[in-house]
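Here is the structure we will look at, set down as structure tokens.
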Amino acid sequence: MQISFMTANYVARELNYHMDKGWGQGDATINAHFKPLKTFGERFEAYLKDIQDMGFEALDIWTAILNPAWATDDHLDTAAELLDEYNLPVMSLAGSFGNNADELEAACLMASALNTSILGGSTAMLSKDRPLLVSMLQKYGLQLGLENHPDEKTPQELLNKIGTRDADTLGVTVDTGWFGTHGYDAAQALEALAPRLFHVHLKDVLQVGEHETCRFGEGVVPIRACVEVLQRIGYTGAISVEHEPNLADPTEDVKANLEMLKAWLESI
């Protein structure tokens with residue numbers, strides 16, 4: 001299994017880790033930081049260098065860093081060149097993939113440009129026009145892994161949304177932290193979702209009812225049990241290490257998470 005770094009871990013980075021107004025504040029700040037083409041290469045490379053220095057060999061691109069709404073061909077060419085230079089393959093595009101056909105296609109084109117086949121997140125087109133969504137994903141050779149967030153509290157709620165058809169194209173991206181927030185055993189969720197599992201965001205949270213992320217083993221999510229399930233079900237996709245604190249630099253925690261995950265994968 002490939003281990004990747006979720007770039008949304010840096011949601012508060014450009015706020016000097018003082019994100020006191022919620023996720024939207026960080027999202028807007030990161031978009032503003034990366035949108036100017038003149039500085040994009042330098043700023044993107046700074047992230048890649050830090051990710052590589054932590055020991056990661058792959059990453060997930062969050063759509064605030066490269067947003068289909070504003071990314072030009074020049075942005076994408078620069079990103080692709082730097083990713084190749086740092087030898088960091090993209091395991092998924094992570095985020096929201098649009099509310100209409102044009103926005104969805106822009107996300108698909110971006111995923112193709114970044115040489116990834118997984119859209120790990122959500123799009124309104126799943127409910128608005130499922131046939132068009134499936135057709136477009138198939139056109140670009142992509143899979144949508146619908147991610148559980150505040151609205152999906154159980155595996156069945158995810159399965160209800162993706163339905164039983166188009167299993168090669170529509171599946172799930174499990175965020176273990178959100179299951180922890182809802183008080184649902186994330187290891188059991190992975191087991192239940194195994195046949196439709198495309199991608200995994202491995203995340204711990206401090207307590208049920210809140211979504212404050214933390215170092216593996218310090219929260220309520222049974223992280224090692226989740227890894228054991230992934231091994232048992234023969235999961236061969238990527239595991240994205242996710243930890244996005246509002247008020248602290250996640251670097252040391254994420255490095256520790258990476259080492260723990262590597263050790264578990266070798267010993268289980």
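So you can find residues: chains in the structure tokens are A, B, ... in the order shown, residues in each start at 1, and ligands are numbered from 1 in order.
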
Give me the residues of range 177-248 of chain A that have any atom at most 10 Å from an atom of range 141-155 of chain A; for each, the nearest atom pair and the distance in Å, rounded to one decimal. Use only C-alpha atoms, sort by chain and number, and format it as a tab-separated table.
residue	atom	partner	partner_atom	distance
A:Gly177	CA	A:His149	CA	9.0
A:Trp178	CA	A:His149	CA	5.8
A:Phe179	CA	A:Lys153	CA	6.4
A:Gly180	CA	A:Lys153	CA	9.4
A:Thr181	CA	A:Pro150	CA	8.6
A:His182	CA	A:Lys153	CA	5.9
A:Gly183	CA	A:Lys153	CA	8.4
A:Tyr184	CA	A:Thr154	CA	6.9
A:Asp185	CA	A:Thr154	CA	9.3
A:Ala186	CA	A:Pro155	CA	9.3
A:Gln188	CA	A:Pro155	CA	8.9
A:Ala189	CA	A:Pro155	CA	5.7
A:Leu190	CA	A:Pro155	CA	8.2
A:Glu191	CA	A:Pro155	CA	9.4
A:Ala192	CA	A:Pro155	CA	6.7
A:Leu193	CA	A:Pro155	CA	6.5
A:Arg196	CA	A:Gly145	CA	8.5
A:Leu197	CA	A:Gly145	CA	7.5
A:Phe198	CA	A:Gly145	CA	5.7
A:His199	CA	A:Gly145	CA	6.7
A:Val200	CA	A:Glu147	CA	9.0
A:His201	CA	A:Glu147	CA	9.0
A:His211	CA	A:Pro150	CA	9.6

Let's see if you can do this: from backbone DSSP, list all helix (DSSP H, G or I) residues in range 180-212 of chain A, as a VMD selection string.
chain A and resid 180 to 181 186 to 196

Residues flagged strand (DSSP E or B) by DSSP in range 79-131 of chain A, as a PDB file with C-alpha atoms, in the first residue's frame:
ATOM      1  CA  VAL A  90      -0.444  12.125  -6.839  1.00  0.00           C
ATOM      2  CA  MET A  91      -2.672   9.495  -5.273  1.00  0.00           C
ATOM      3  CA  SER A  92      -5.873  11.507  -5.498  1.00  0.00           C
ATOM      4  CA  LEU A  93      -7.454  14.868  -6.105  1.00  0.00           C
ATOM      5  CA  ALA A  94      -9.213  15.768  -2.854  1.00  0.00           C
ATOM      6  CA  GLY A  95     -12.105  18.151  -2.314  1.00  0.00           C
ATOM      7  CA  SER A  96     -15.268  19.240  -4.097  1.00  0.00           C
ATOM      8  CA  ILE A 118      -9.060   9.038  -8.012  1.00  0.00           C
ATOM      9  CA  LEU A 119     -11.372  11.916  -7.171  1.00  0.00           C
ATOM     10  CA  GLY A 120     -11.676  11.630  -3.397  1.00  0.00           C
ATOM     11  CA  GLY A 121     -14.442  13.908  -2.225  1.00  0.00           C
ATOM     12  CA  SER A 122     -17.846  14.926  -3.512  1.00  0.00           C
TER      13      SER A 122
END

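Excluding Lys255 in chain A itself and any same-chain residue fewer than 4 positions from it, the protein and nucleic acid residues within 8 Å of it, counting only C-alpha atoms, are Met54, Gly55, Thr251 and Glu259 of chain A.
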
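Near Ala225 in chain A, within 6 Å and counting only C-alpha atoms, sit A:Ala187, A:Pro222, A:Glu228, not including residues fewer than 3 positions from it in the same chain.
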